[in-house]
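Chemist: Let me give you the structure first, and then I'll get to my questions.
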Amino acid sequence: MSRSLRIAGHSTSIRLESAFWSVLDEIARGEGLSTSKFISALHDEAIELHDGVSNLASMLRTVCLLHQSERAGRQAPA
């Protein structure tokens with residue numbers, strides 16, 4: 001599934017599986033942002049910390065997996 005959005009003032013299209021879009025939507029809601037603004041913020045942070053993003057779709061998949069892993073850790077019984 002592909003979505004179009006603006007990052008750093010440029011229109012772009014990102015293709016991710018729908019499960020990843022669902023997780024990104026959930027994370028963005030939790031941050032009080034639209035998914036587009038959340039992805040733009042991630043992109044800006046990656047540029048600031050790592051001088052660029054070589055593959056935005058891969059970075060977003062990784063963010064989703066890290067989020068799910070953290071979430072599972074919080075829900076694990078003590």
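A note on labels: chains of the structure tokens are A, B, ... as shown, every chain counts residues from 1, and ligands are counted from 1 in their shown order.
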Would you mind listing what lies within 10 Å of stretch 32-48 of chain A as a list in words, with only C-alpha atoms counted and same-chain residues fewer than 5 positions away left out?
Modeler: Arg3, Ser4, Leu5, Arg6, Ile7, Ala8, Gly9, Trp21, Ser22, Val23, Leu24, Asp25, Glu26, Ile27, Val53, Ser54, Leu56, Met59, Leu60 and Val63 of chain A
Chemist: Using C-alpha atoms, can you write the selected residues to a file as a short mmCIF file (atom, residue, chain, number, x, y, z; two decimals), in the first residue's frame?
Modeler:
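Written out: out-v7.cif:
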```
data_model
loop_
_atom_site.label_atom_id
_atom_site.label_comp_id
_atom_site.auth_asym_id
_atom_site.auth_seq_id
_atom_site.Cartn_x
_atom_site.Cartn_y
_atom_site.Cartn_z
CA ARG A 3 0.75 6.75 0.65
CA SER A 4 1.75 10.17 -0.55
CA LEU A 5 3.03 12.77 1.89
CA ARG A 6 5.29 15.79 2.18
CA ILE A 7 8.71 15.52 3.80
CA ALA A 8 10.94 18.57 4.08
CA GLY A 9 8.65 20.39 1.65
CA TRP A 21 0.81 1.64 8.20
CA SER A 22 -1.50 0.56 11.03
CA VAL A 23 1.35 0.63 13.52
CA LEU A 24 2.57 4.01 12.26
CA ASP A 25 -0.96 5.40 12.55
CA GLU A 26 -1.15 4.09 16.13
CA ILE A 27 2.23 5.58 17.11
CA VAL A 53 18.12 8.45 5.42
CA SER A 54 19.22 5.92 2.83
CA LEU A 56 12.95 5.61 4.49
CA MET A 59 13.58 2.88 8.63
CA LEU A 60 9.81 3.03 9.13
CA VAL A 63 10.46 1.89 13.93
#
```
Chemist: Could you give me the residues within chain A that DSSP places in strand (DSSP E), as a list of chain:residue names?
Modeler: A:Ser2, A:Arg3, A:Ser4, A:Leu5, A:Arg6, A:Ile7, A:His10, A:Ser11, A:Thr12, A:Ser13, A:Ile14, A:Arg15
Chemist: Would you mind exporting the chosen residues as a short mmCIF file (atom, residue, chain, number, x, y, z; two decimals), in the first residue's frame, restricted to all heavy atoms?
Modeler:
```cif
data_model
loop_
_atom_site.label_atom_id
_atom_site.label_comp_id
_atom_site.auth_asym_id
_atom_site.auth_seq_id
_atom_site.Cartn_x
_atom_site.Cartn_y
_atom_site.Cartn_z
N SER A 2 0.58 2.17 -0.83
CA SER A 2 1.38 3.38 -0.98
C SER A 2 0.61 4.58 -0.46
O SER A 2 -0.60 4.68 -0.63
CB SER A 2 1.69 3.56 -2.47
OG SER A 2 2.82 4.32 -2.64
N ARG A 3 1.35 5.49 0.21
CA ARG A 3 0.75 6.75 0.65
C ARG A 3 1.66 7.88 0.20
O ARG A 3 2.88 7.77 0.23
CB ARG A 3 0.63 6.80 2.18
CG ARG A 3 -0.42 5.88 2.75
CD ARG A 3 -0.69 6.25 4.19
NE ARG A 3 -1.46 5.23 4.87
CZ ARG A 3 -1.80 5.29 6.15
NH1 ARG A 3 -1.44 6.33 6.88
NH2 ARG A 3 -2.49 4.33 6.69
N SER A 4 1.01 8.97 -0.17
CA SER A 4 1.75 10.17 -0.55
C SER A 4 1.76 11.14 0.62
O SER A 4 0.75 11.30 1.32
CB SER A 4 1.10 10.84 -1.75
OG SER A 4 1.15 9.99 -2.87
N LEU A 5 2.91 11.78 0.83
CA LEU A 5 3.03 12.77 1.89
C LEU A 5 4.15 13.73 1.57
O LEU A 5 4.89 13.54 0.61
CB LEU A 5 3.25 12.10 3.26
CG LEU A 5 4.33 11.03 3.35
CD1 LEU A 5 5.47 11.53 4.18
CD2 LEU A 5 3.72 9.81 4.00
N ARG A 6 4.25 14.78 2.38
CA ARG A 6 5.29 15.79 2.18
C ARG A 6 6.33 15.62 3.28
O ARG A 6 6.00 15.56 4.46
CB ARG A 6 4.72 17.19 2.24
CG ARG A 6 3.88 17.54 1.04
CD ARG A 6 3.44 18.98 1.04
NE ARG A 6 4.37 19.92 0.48
CZ ARG A 6 4.69 20.02 -0.80
NH1 ARG A 6 4.19 19.18 -1.66
NH2 ARG A 6 5.52 20.94 -1.21
N ILE A 7 7.59 15.58 2.86
CA ILE A 7 8.71 15.52 3.80
C ILE A 7 9.69 16.61 3.38
O ILE A 7 10.12 16.65 2.24
CB ILE A 7 9.39 14.14 3.78
CG1 ILE A 7 8.42 13.06 4.25
CG2 ILE A 7 10.65 14.15 4.64
CD1 ILE A 7 8.96 11.67 4.19
N HIS A 10 8.89 18.41 0.23
CA HIS A 10 8.86 17.67 -1.02
C HIS A 10 7.79 16.58 -0.95
O HIS A 10 7.68 15.89 0.06
CB HIS A 10 10.20 17.01 -1.31
CG HIS A 10 11.30 17.98 -1.52
ND1 HIS A 10 11.74 18.86 -0.55
CD2 HIS A 10 12.07 18.24 -2.61
CE1 HIS A 10 12.73 19.59 -1.02
NE2 HIS A 10 12.95 19.23 -2.28
N SER A 11 7.04 16.43 -2.01
CA SER A 11 6.06 15.34 -2.08
C SER A 11 6.79 14.04 -2.36
O SER A 11 7.71 13.99 -3.18
CB SER A 11 5.05 15.60 -3.21
OG SER A 11 4.28 16.72 -2.90
N THR A 12 6.37 13.01 -1.66
CA THR A 12 6.96 11.70 -1.87
C THR A 12 5.90 10.63 -1.65
O THR A 12 4.85 10.89 -1.09
CB THR A 12 8.18 11.46 -0.94
OG1 THR A 12 8.85 10.27 -1.32
CG2 THR A 12 7.75 11.35 0.52
N SER A 13 6.18 9.46 -2.11
CA SER A 13 5.28 8.34 -1.94
C SER A 13 6.05 7.22 -1.24
O SER A 13 7.19 6.94 -1.60
CB SER A 13 4.79 7.86 -3.30
OG SER A 13 3.90 6.80 -3.16
N ILE A 14 5.43 6.63 -0.24
CA ILE A 14 6.07 5.55 0.52
C ILE A 14 5.19 4.32 0.40
O ILE A 14 3.98 4.38 0.64
CB ILE A 14 6.25 5.93 2.00
CG1 ILE A 14 7.10 7.19 2.13
CG2 ILE A 14 6.89 4.78 2.77
CD1 ILE A 14 7.16 7.74 3.53
N ARG A 15 5.81 3.20 0.04
CA ARG A 15 5.10 1.94 -0.09
C ARG A 15 5.47 1.04 1.08
O ARG A 15 6.63 0.69 1.25
CB ARG A 15 5.44 1.25 -1.40
CG ARG A 15 4.70 -0.06 -1.61
CD ARG A 15 5.04 -0.69 -2.94
NE ARG A 15 4.50 0.10 -4.04
CZ ARG A 15 3.28 -0.06 -4.54
NH1 ARG A 15 2.48 -0.98 -4.05
NH2 ARG A 15 2.86 0.69 -5.54
#
```
Chemist: Between atom CA of A:Glu17 and atom CA of A:Glu31, measure the distance and give it in Å to one decimal.
Modeler: 21.6 Å
Chemist: Please return, as a CSV table (one decimal) with all heavy atoms, in the first residue's frame, all residues of stretch 11-77 of chain A that DSSP assigns to alpha helix (DSSP H) on the basis of the backbone.
Modeler:
```csv
chain,number,residue,atom,x,y,z
A,18,SER,N,0.3,-2.9,4.7
A,18,SER,CA,-0.8,-2.3,5.5
A,18,SER,C,-0.6,-2.4,7.0
A,18,SER,O,-0.9,-1.6,7.8
A,18,SER,CB,-2.2,-2.7,5.1
A,18,SER,OG,-2.3,-4.1,5.3
A,19,ALA,N,0.0,-3.6,7.5
A,19,ALA,CA,0.3,-3.8,8.9
A,19,ALA,C,1.2,-2.7,9.4
A,19,ALA,O,1.0,-2.2,10.6
A,19,ALA,CB,0.8,-5.1,9.1
A,20,PHE,N,2.2,-2.3,8.7
A,20,PHE,CA,3.1,-1.3,9.1
A,20,PHE,C,2.4,0.1,9.1
A,20,PHE,O,2.7,0.9,10.0
A,20,PHE,CB,4.4,-1.2,8.2
A,20,PHE,CG,5.3,-2.4,8.4
A,20,PHE,CD1,5.4,-3.3,7.4
A,20,PHE,CD2,6.0,-2.5,9.5
A,20,PHE,CE1,6.2,-4.4,7.6
A,20,PHE,CE2,6.9,-3.6,9.7
A,20,PHE,CZ,7.0,-4.5,8.8
A,21,TRP,N,1.6,0.4,8.2
A,21,TRP,CA,0.8,1.6,8.2
A,21,TRP,C,-0.1,1.7,9.4
A,21,TRP,O,-0.2,2.8,10.1
A,21,TRP,CB,0.0,1.8,6.9
A,21,TRP,CG,0.7,2.2,5.7
A,21,TRP,CD1,0.9,1.5,4.6
A,21,TRP,CD2,1.5,3.4,5.6
A,21,TRP,NE1,1.7,2.2,3.7
A,21,TRP,CE2,2.1,3.4,4.3
A,21,TRP,CE3,1.8,4.5,6.4
A,21,TRP,CZ2,2.9,4.4,3.8
A,21,TRP,CZ3,2.6,5.5,5.9
A,21,TRP,CH2,3.2,5.5,4.7
A,22,SER,N,-0.7,0.6,9.8
A,22,SER,CA,-1.5,0.6,11.0
A,22,SER,C,-0.7,0.9,12.3
A,22,SER,O,-1.1,1.7,13.1
A,22,SER,CB,-2.2,-0.8,11.2
A,22,SER,OG,-3.0,-1.1,10.2
A,23,VAL,N,0.5,0.3,12.4
A,23,VAL,CA,1.3,0.6,13.5
A,23,VAL,C,1.8,2.1,13.5
A,23,VAL,O,1.8,2.8,14.5
A,23,VAL,CB,2.6,-0.3,13.6
A,23,VAL,CG1,3.5,0.1,14.7
A,23,VAL,CG2,2.1,-1.8,13.8
A,24,LEU,N,2.2,2.6,12.3
A,24,LEU,CA,2.6,4.0,12.3
A,24,LEU,C,1.4,4.9,12.6
A,24,LEU,O,1.6,5.9,13.3
A,24,LEU,CB,3.1,4.3,10.9
A,24,LEU,CG,4.5,3.7,10.5
A,24,LEU,CD1,4.7,3.9,9.0
A,24,LEU,CD2,5.6,4.4,11.3
A,25,ASP,N,0.2,4.6,12.2
A,25,ASP,CA,-1.0,5.4,12.5
A,25,ASP,C,-1.2,5.4,14.1
A,25,ASP,O,-1.4,6.4,14.7
A,25,ASP,CB,-2.2,4.9,11.9
A,25,ASP,CG,-2.2,5.1,10.4
A,25,ASP,OD1,-1.5,5.9,9.9
A,25,ASP,OD2,-3.0,4.3,9.7
A,26,GLU,N,-1.0,4.2,14.7
A,26,GLU,CA,-1.1,4.1,16.1
A,26,GLU,C,-0.1,4.9,16.9
A,26,GLU,O,-0.4,5.6,17.8
A,26,GLU,CB,-1.0,2.6,16.5
A,26,GLU,CG,-1.0,2.3,18.0
A,26,GLU,CD,-0.7,0.9,18.3
A,26,GLU,OE1,-1.1,0.0,17.5
A,26,GLU,OE2,0.1,0.6,19.2
A,27,ILE,N,1.2,4.8,16.5
A,27,ILE,CA,2.2,5.6,17.1
A,27,ILE,C,2.0,7.1,17.0
A,27,ILE,O,2.1,7.8,17.9
A,27,ILE,CB,3.6,5.2,16.5
A,27,ILE,CG1,4.0,3.8,16.7
A,27,ILE,CG2,4.7,6.1,17.1
A,27,ILE,CD1,5.2,3.3,15.9
A,28,ALA,N,1.6,7.5,15.8
A,28,ALA,CA,1.4,8.9,15.5
A,28,ALA,C,0.2,9.4,16.4
A,28,ALA,O,0.3,10.5,17.0
A,28,ALA,CB,1.0,9.2,14.0
A,29,ARG,N,-0.9,8.7,16.5
A,29,ARG,CA,-2.0,9.1,17.4
A,29,ARG,C,-1.5,9.2,18.8
A,29,ARG,O,-1.9,10.2,19.5
A,29,ARG,CB,-3.1,8.0,17.3
A,29,ARG,CG,-4.2,8.3,16.3
A,29,ARG,CD,-5.4,7.4,16.5
A,29,ARG,NE,-5.1,6.0,16.7
A,29,ARG,CZ,-4.9,5.1,15.7
A,29,ARG,NH1,-4.9,5.5,14.5
A,29,ARG,NH2,-4.6,3.8,16.0
A,30,GLY,N,-0.7,8.3,19.3
A,30,GLY,CA,-0.1,8.4,20.6
A,30,GLY,C,0.7,9.6,20.8
A,30,GLY,O,0.8,10.1,22.0
A,31,GLU,N,1.3,10.1,19.8
A,31,GLU,CA,2.2,11.3,19.9
A,31,GLU,C,1.4,12.6,19.6
A,31,GLU,O,1.9,13.7,19.7
A,31,GLU,CB,3.3,11.2,18.8
A,31,GLU,CG,4.3,10.1,19.1
A,31,GLU,CD,5.2,10.3,20.3
A,31,GLU,OE1,5.5,11.5,20.6
A,31,GLU,OE2,5.5,9.3,21.0
A,35,THR,N,-0.1,11.0,10.9
A,35,THR,CA,0.9,10.0,10.5
A,35,THR,C,2.0,10.7,9.6
A,35,THR,O,3.2,10.5,9.7
A,35,THR,CB,0.3,8.8,9.7
A,35,THR,OG1,-0.6,8.2,10.6
A,35,THR,CG2,1.4,7.8,9.3
A,36,SER,N,1.5,11.6,8.7
A,36,SER,CA,2.4,12.4,7.9
A,36,SER,C,3.4,13.2,8.7
A,36,SER,O,4.6,13.2,8.4
A,36,SER,CB,1.6,13.2,6.9
A,36,SER,OG,2.5,13.9,6.0
A,37,LYS,N,2.9,13.9,9.7
A,37,LYS,CA,3.8,14.8,10.5
A,37,LYS,C,4.7,13.9,11.3
A,37,LYS,O,5.9,14.3,11.5
A,37,LYS,CB,2.9,15.7,11.4
A,37,LYS,CG,2.3,16.8,10.6
A,37,LYS,CD,2.0,18.0,11.5
A,37,LYS,CE,1.3,19.0,10.7
A,37,LYS,NZ,2.1,19.9,9.9
A,38,PHE,N,4.3,12.8,11.8
A,38,PHE,CA,5.1,11.9,12.6
A,38,PHE,C,6.3,11.3,11.7
A,38,PHE,O,7.4,11.4,12.1
A,38,PHE,CB,4.3,10.7,13.1
A,38,PHE,CG,5.1,9.7,13.8
A,38,PHE,CD1,5.7,10.0,15.0
A,38,PHE,CD2,5.2,8.4,13.3
A,38,PHE,CE1,6.5,9.0,15.7
A,38,PHE,CE2,6.0,7.4,13.9
A,38,PHE,CZ,6.6,7.7,15.1
A,39,ILE,N,6.0,10.9,10.5
A,39,ILE,CA,7.0,10.4,9.6
A,39,ILE,C,8.0,11.5,9.2
A,39,ILE,O,9.2,11.3,9.2
A,39,ILE,CB,6.4,9.8,8.3
A,39,ILE,CG1,5.6,8.5,8.7
A,39,ILE,CG2,7.4,9.5,7.2
A,39,ILE,CD1,4.8,7.9,7.6
A,40,SER,N,7.5,12.7,9.0
A,40,SER,CA,8.3,13.9,8.7
A,40,SER,C,9.3,14.1,9.9
A,40,SER,O,10.5,14.4,9.7
A,40,SER,CB,7.5,15.1,8.4
A,40,SER,OG,8.3,16.2,8.0
A,41,ALA,N,8.8,14.1,11.1
A,41,ALA,CA,9.6,14.3,12.3
A,41,ALA,C,10.7,13.2,12.4
A,41,ALA,O,11.8,13.5,12.8
A,41,ALA,CB,8.7,14.3,13.6
A,42,LEU,N,10.3,11.9,12.1
A,42,LEU,CA,11.3,10.8,12.1
A,42,LEU,C,12.4,11.1,11.1
A,42,LEU,O,13.6,10.9,11.4
A,42,LEU,CB,10.6,9.5,11.9
A,42,LEU,CG,9.8,8.9,12.9
A,42,LEU,CD1,9.1,7.6,12.4
A,42,LEU,CD2,10.6,8.6,14.2
A,43,HIS,N,12.0,11.5,9.9
A,43,HIS,CA,12.9,11.8,8.9
A,43,HIS,C,13.9,12.9,9.3
A,43,HIS,O,15.1,12.8,9.1
A,43,HIS,CB,12.1,12.2,7.6
A,43,HIS,CG,13.0,12.6,6.5
A,43,HIS,ND1,13.4,13.9,6.2
A,43,HIS,CD2,13.6,11.8,5.5
A,43,HIS,CE1,14.1,13.9,5.1
A,43,HIS,NE2,14.3,12.7,4.7
A,44,ASP,N,13.3,14.0,9.9
A,44,ASP,CA,14.2,15.1,10.3
A,44,ASP,C,15.1,14.7,11.4
A,44,ASP,O,16.3,15.1,11.4
A,44,ASP,CB,13.3,16.3,10.8
A,44,ASP,CG,12.5,16.9,9.7
A,44,ASP,OD1,12.8,16.7,8.5
A,44,ASP,OD2,11.6,17.7,10.1
A,45,GLU,N,14.7,13.8,12.3
A,45,GLU,CA,15.5,13.3,13.4
A,45,GLU,C,16.7,12.5,12.8
A,45,GLU,O,17.8,12.6,13.2
A,45,GLU,CB,14.7,12.5,14.4
A,45,GLU,CG,15.5,12.1,15.6
A,45,GLU,CD,14.6,11.4,16.6
A,45,GLU,OE1,13.4,11.7,16.8
A,45,GLU,OE2,15.1,10.4,17.3
A,46,ALA,N,16.4,11.6,11.8
A,46,ALA,CA,17.4,10.8,11.2
A,46,ALA,C,18.4,11.6,10.5
A,46,ALA,O,19.6,11.3,10.6
A,46,ALA,CB,16.7,9.8,10.3
A,47,ILE,N,18.0,12.7,9.9
A,47,ILE,CA,18.9,13.6,9.2
A,47,ILE,C,19.9,14.2,10.2
A,47,ILE,O,21.1,14.3,10.0
A,47,ILE,CB,18.2,14.6,8.3
A,47,ILE,CG1,17.6,13.9,7.1
A,47,ILE,CG2,19.1,15.7,7.9
A,47,ILE,CD1,16.8,14.8,6.2
A,48,GLU,N,19.3,14.7,11.3
A,48,GLU,CA,20.0,15.4,12.3
A,48,GLU,C,21.0,14.4,13.0
A,48,GLU,O,22.2,14.8,13.2
A,48,GLU,CB,19.1,15.9,13.4
A,48,GLU,CG,19.8,16.7,14.5
A,48,GLU,CD,18.8,17.3,15.5
A,48,GLU,OE1,17.8,17.8,15.1
A,48,GLU,OE2,19.0,17.1,16.7
A,49,LEU,N,20.6,13.2,13.3
A,49,LEU,CA,21.5,12.3,14.0
A,49,LEU,C,22.5,11.5,13.1
A,49,LEU,O,23.5,11.1,13.5
A,49,LEU,CB,20.6,11.2,14.7
A,49,LEU,CG,19.8,11.8,15.9
A,49,LEU,CD1,18.9,10.7,16.5
A,49,LEU,CD2,20.7,12.4,17.0
A,50,HIS,N,22.0,11.2,11.8
A,50,HIS,CA,22.8,10.3,11.0
A,50,HIS,C,23.1,11.0,9.6
A,50,HIS,O,23.5,10.2,8.7
A,50,HIS,CB,22.1,9.0,10.8
A,50,HIS,CG,21.7,8.3,12.0
A,50,HIS,ND1,22.7,7.7,12.8
A,50,HIS,CD2,20.5,8.2,12.7
A,50,HIS,CE1,22.1,7.2,13.9
A,50,HIS,NE2,20.8,7.5,13.9
A,56,LEU,N,14.0,5.2,3.6
A,56,LEU,CA,12.9,5.6,4.5
A,56,LEU,C,12.0,4.5,4.8
A,56,LEU,O,11.6,4.3,6.0
A,56,LEU,CB,12.2,6.8,3.9
A,56,LEU,CG,11.1,7.4,4.9
A,56,LEU,CD1,11.7,7.9,6.2
A,56,LEU,CD2,10.5,8.6,4.2
A,57,ALA,N,11.6,3.7,3.8
A,57,ALA,CA,10.6,2.6,4.1
A,57,ALA,C,11.2,1.6,5.1
A,57,ALA,O,10.5,1.1,6.0
A,57,ALA,CB,10.2,1.9,2.8
A,58,SER,N,12.5,1.3,4.9
A,58,SER,CA,13.2,0.3,5.9
A,58,SER,C,13.2,0.9,7.2
A,58,SER,O,13.0,0.2,8.2
A,58,SER,CB,14.6,0.0,5.4
A,58,SER,OG,14.5,-0.8,4.2
A,59,MET,N,13.5,2.2,7.3
A,59,MET,CA,13.6,2.9,8.6
A,59,MET,C,12.2,2.8,9.3
A,59,MET,O,12.1,2.5,10.5
A,59,MET,CB,14.0,4.3,8.5
A,59,MET,CG,14.2,5.0,9.8
A,59,MET,SD,14.5,6.8,9.7
A,59,MET,CE,12.8,7.4,9.5
A,60,LEU,N,11.2,3.1,8.6
A,60,LEU,CA,9.8,3.0,9.1
A,60,LEU,C,9.4,1.6,9.6
A,60,LEU,O,8.8,1.5,10.6
A,60,LEU,CB,8.8,3.6,8.1
A,60,LEU,CG,9.0,5.1,7.8
A,60,LEU,CD1,8.0,5.5,6.7
A,60,LEU,CD2,8.8,5.9,9.0
A,61,ARG,N,9.8,0.6,8.8
A,61,ARG,CA,9.5,-0.8,9.3
A,61,ARG,C,10.3,-1.1,10.6
A,61,ARG,O,9.7,-1.7,11.5
A,61,ARG,CB,10.0,-1.8,8.2
A,61,ARG,CG,9.1,-1.8,7.0
A,61,ARG,CD,9.5,-2.9,6.0
A,61,ARG,NE,8.7,-2.9,4.8
A,61,ARG,CZ,9.0,-2.2,3.7
A,61,ARG,NH1,10.2,-1.5,3.6
A,61,ARG,NH2,8.2,-2.2,2.6
A,62,THR,N,11.5,-0.6,10.7
A,62,THR,CA,12.3,-0.8,11.9
A,62,THR,C,11.6,-0.1,13.1
A,62,THR,O,11.5,-0.6,14.2
A,62,THR,CB,13.7,-0.3,11.7
A,62,THR,OG1,14.3,-1.0,10.6
A,62,THR,CG2,14.6,-0.5,13.0
A,63,VAL,N,11.2,1.2,12.9
A,63,VAL,CA,10.5,1.9,13.9
A,63,VAL,C,9.2,1.1,14.4
A,63,VAL,O,9.0,1.0,15.6
A,63,VAL,CB,10.0,3.3,13.4
A,63,VAL,CG1,9.0,3.9,14.4
A,63,VAL,CG2,11.3,4.2,13.3
A,64,CYS,N,8.5,0.5,13.5
A,64,CYS,CA,7.3,-0.3,13.8
A,64,CYS,C,7.7,-1.5,14.7
A,64,CYS,O,7.1,-1.8,15.7
A,64,CYS,CB,6.6,-0.7,12.6
A,64,CYS,SG,5.8,0.6,11.7
A,65,LEU,N,8.7,-2.2,14.2
A,65,LEU,CA,9.2,-3.4,15.0
A,65,LEU,C,9.7,-3.0,16.4
A,65,LEU,O,9.4,-3.7,17.3
A,65,LEU,CB,10.2,-4.1,14.2
A,65,LEU,CG,9.8,-4.8,12.9
A,65,LEU,CD1,10.9,-5.3,12.1
A,65,LEU,CD2,8.7,-5.9,13.2
A,66,LEU,N,10.4,-1.9,16.5
A,66,LEU,CA,10.9,-1.5,17.8
A,66,LEU,C,9.7,-1.1,18.7
A,66,LEU,O,9.7,-1.5,19.9
A,66,LEU,CB,11.8,-0.3,17.7
A,66,LEU,CG,13.2,-0.7,17.1
A,66,LEU,CD1,14.0,0.6,16.8
A,66,LEU,CD2,14.0,-1.6,18.0
A,67,HIS,N,8.7,-0.4,18.1
A,67,HIS,CA,7.5,-0.1,18.9
A,67,HIS,C,6.8,-1.3,19.4
A,67,HIS,O,6.4,-1.4,20.6
A,67,HIS,CB,6.6,0.8,18.0
A,67,HIS,CG,5.3,1.1,18.7
A,67,HIS,ND1,5.2,2.0,19.7
A,67,HIS,CD2,4.1,0.6,18.5
A,67,HIS,CE1,3.9,2.1,20.0
A,67,HIS,NE2,3.2,1.2,19.3
A,68,GLN,N,6.6,-2.3,18.5
A,68,GLN,CA,5.9,-3.5,18.9
A,68,GLN,C,6.6,-4.3,19.9
A,68,GLN,O,6.1,-4.8,20.8
A,68,GLN,CB,5.6,-4.3,17.6
A,68,GLN,CG,4.6,-3.7,16.6
A,68,GLN,CD,3.3,-3.5,17.2
A,68,GLN,OE1,3.0,-2.5,17.9
A,68,GLN,NE2,2.4,-4.4,16.9
A,69,SER,N,7.9,-4.3,19.8
A,69,SER,CA,8.8,-5.0,20.8
A,69,SER,C,8.7,-4.3,22.2
A,69,SER,O,8.5,-5.0,23.2
A,69,SER,CB,10.2,-5.0,20.3
A,69,SER,OG,11.1,-5.6,21.2
A,70,GLU,N,8.8,-3.0,22.2
A,70,GLU,CA,8.6,-2.3,23.5
A,70,GLU,C,7.3,-2.5,24.1
A,70,GLU,O,7.1,-2.7,25.3
A,70,GLU,CB,8.9,-0.8,23.2
A,70,GLU,CG,10.4,-0.5,23.0
A,70,GLU,CD,10.6,1.0,22.7
A,70,GLU,OE1,9.6,1.8,22.9
A,70,GLU,OE2,11.7,1.3,22.3
A,71,ARG,N,6.3,-2.5,23.2
A,71,ARG,CA,4.9,-2.6,23.7
A,71,ARG,C,4.7,-4.0,24.3
A,71,ARG,O,4.1,-4.2,25.3
A,71,ARG,CB,3.9,-2.4,22.5
A,71,ARG,CG,2.5,-2.3,22.9
A,71,ARG,CD,1.7,-1.8,21.7
A,71,ARG,NE,0.4,-2.5,21.8
A,71,ARG,CZ,-0.4,-2.7,20.8
A,71,ARG,NH1,0.0,-2.2,19.6
A,71,ARG,NH2,-1.5,-3.2,20.9
A,72,ALA,N,5.3,-5.0,23.6
A,72,ALA,CA,5.2,-6.4,24.1
A,72,ALA,C,5.9,-6.6,25.5
A,72,ALA,O,5.4,-7.3,26.4
A,72,ALA,CB,5.7,-7.4,23.1
A,73,GLY,N,7.0,-5.9,25.6
A,73,GLY,CA,7.8,-5.9,26.8
A,73,GLY,C,7.0,-5.3,28.0
A,73,GLY,O,7.1,-5.7,29.1
A,74,ARG,N,6.3,-4.2,27.7
A,74,ARG,CA,5.5,-3.6,28.7
A,74,ARG,C,4.3,-4.4,29.2
A,74,ARG,O,3.8,-4.3,30.3
A,74,ARG,CB,5.0,-2.2,28.2
A,74,ARG,CG,6.0,-1.1,28.2
A,74,ARG,CD,5.5,0.2,27.9
A,74,ARG,NE,4.6,0.3,26.7
A,74,ARG,CZ,5.1,0.7,25.6
A,74,ARG,NH1,6.3,1.1,25.4
A,74,ARG,NH2,4.2,0.8,24.5
A,75,GLN,N,3.8,-5.2,28.2
A,75,GLN,CA,2.6,-6.1,28.5
A,75,GLN,C,3.0,-7.4,29.1
A,75,GLN,O,2.1,-8.2,29.5
A,75,GLN,CB,1.8,-6.3,27.3
A,75,GLN,CG,1.2,-5.0,26.8
A,75,GLN,CD,0.5,-5.1,25.4
A,75,GLN,OE1,0.6,-6.2,24.8
A,75,GLN,NE2,-0.2,-4.1,25.0
```
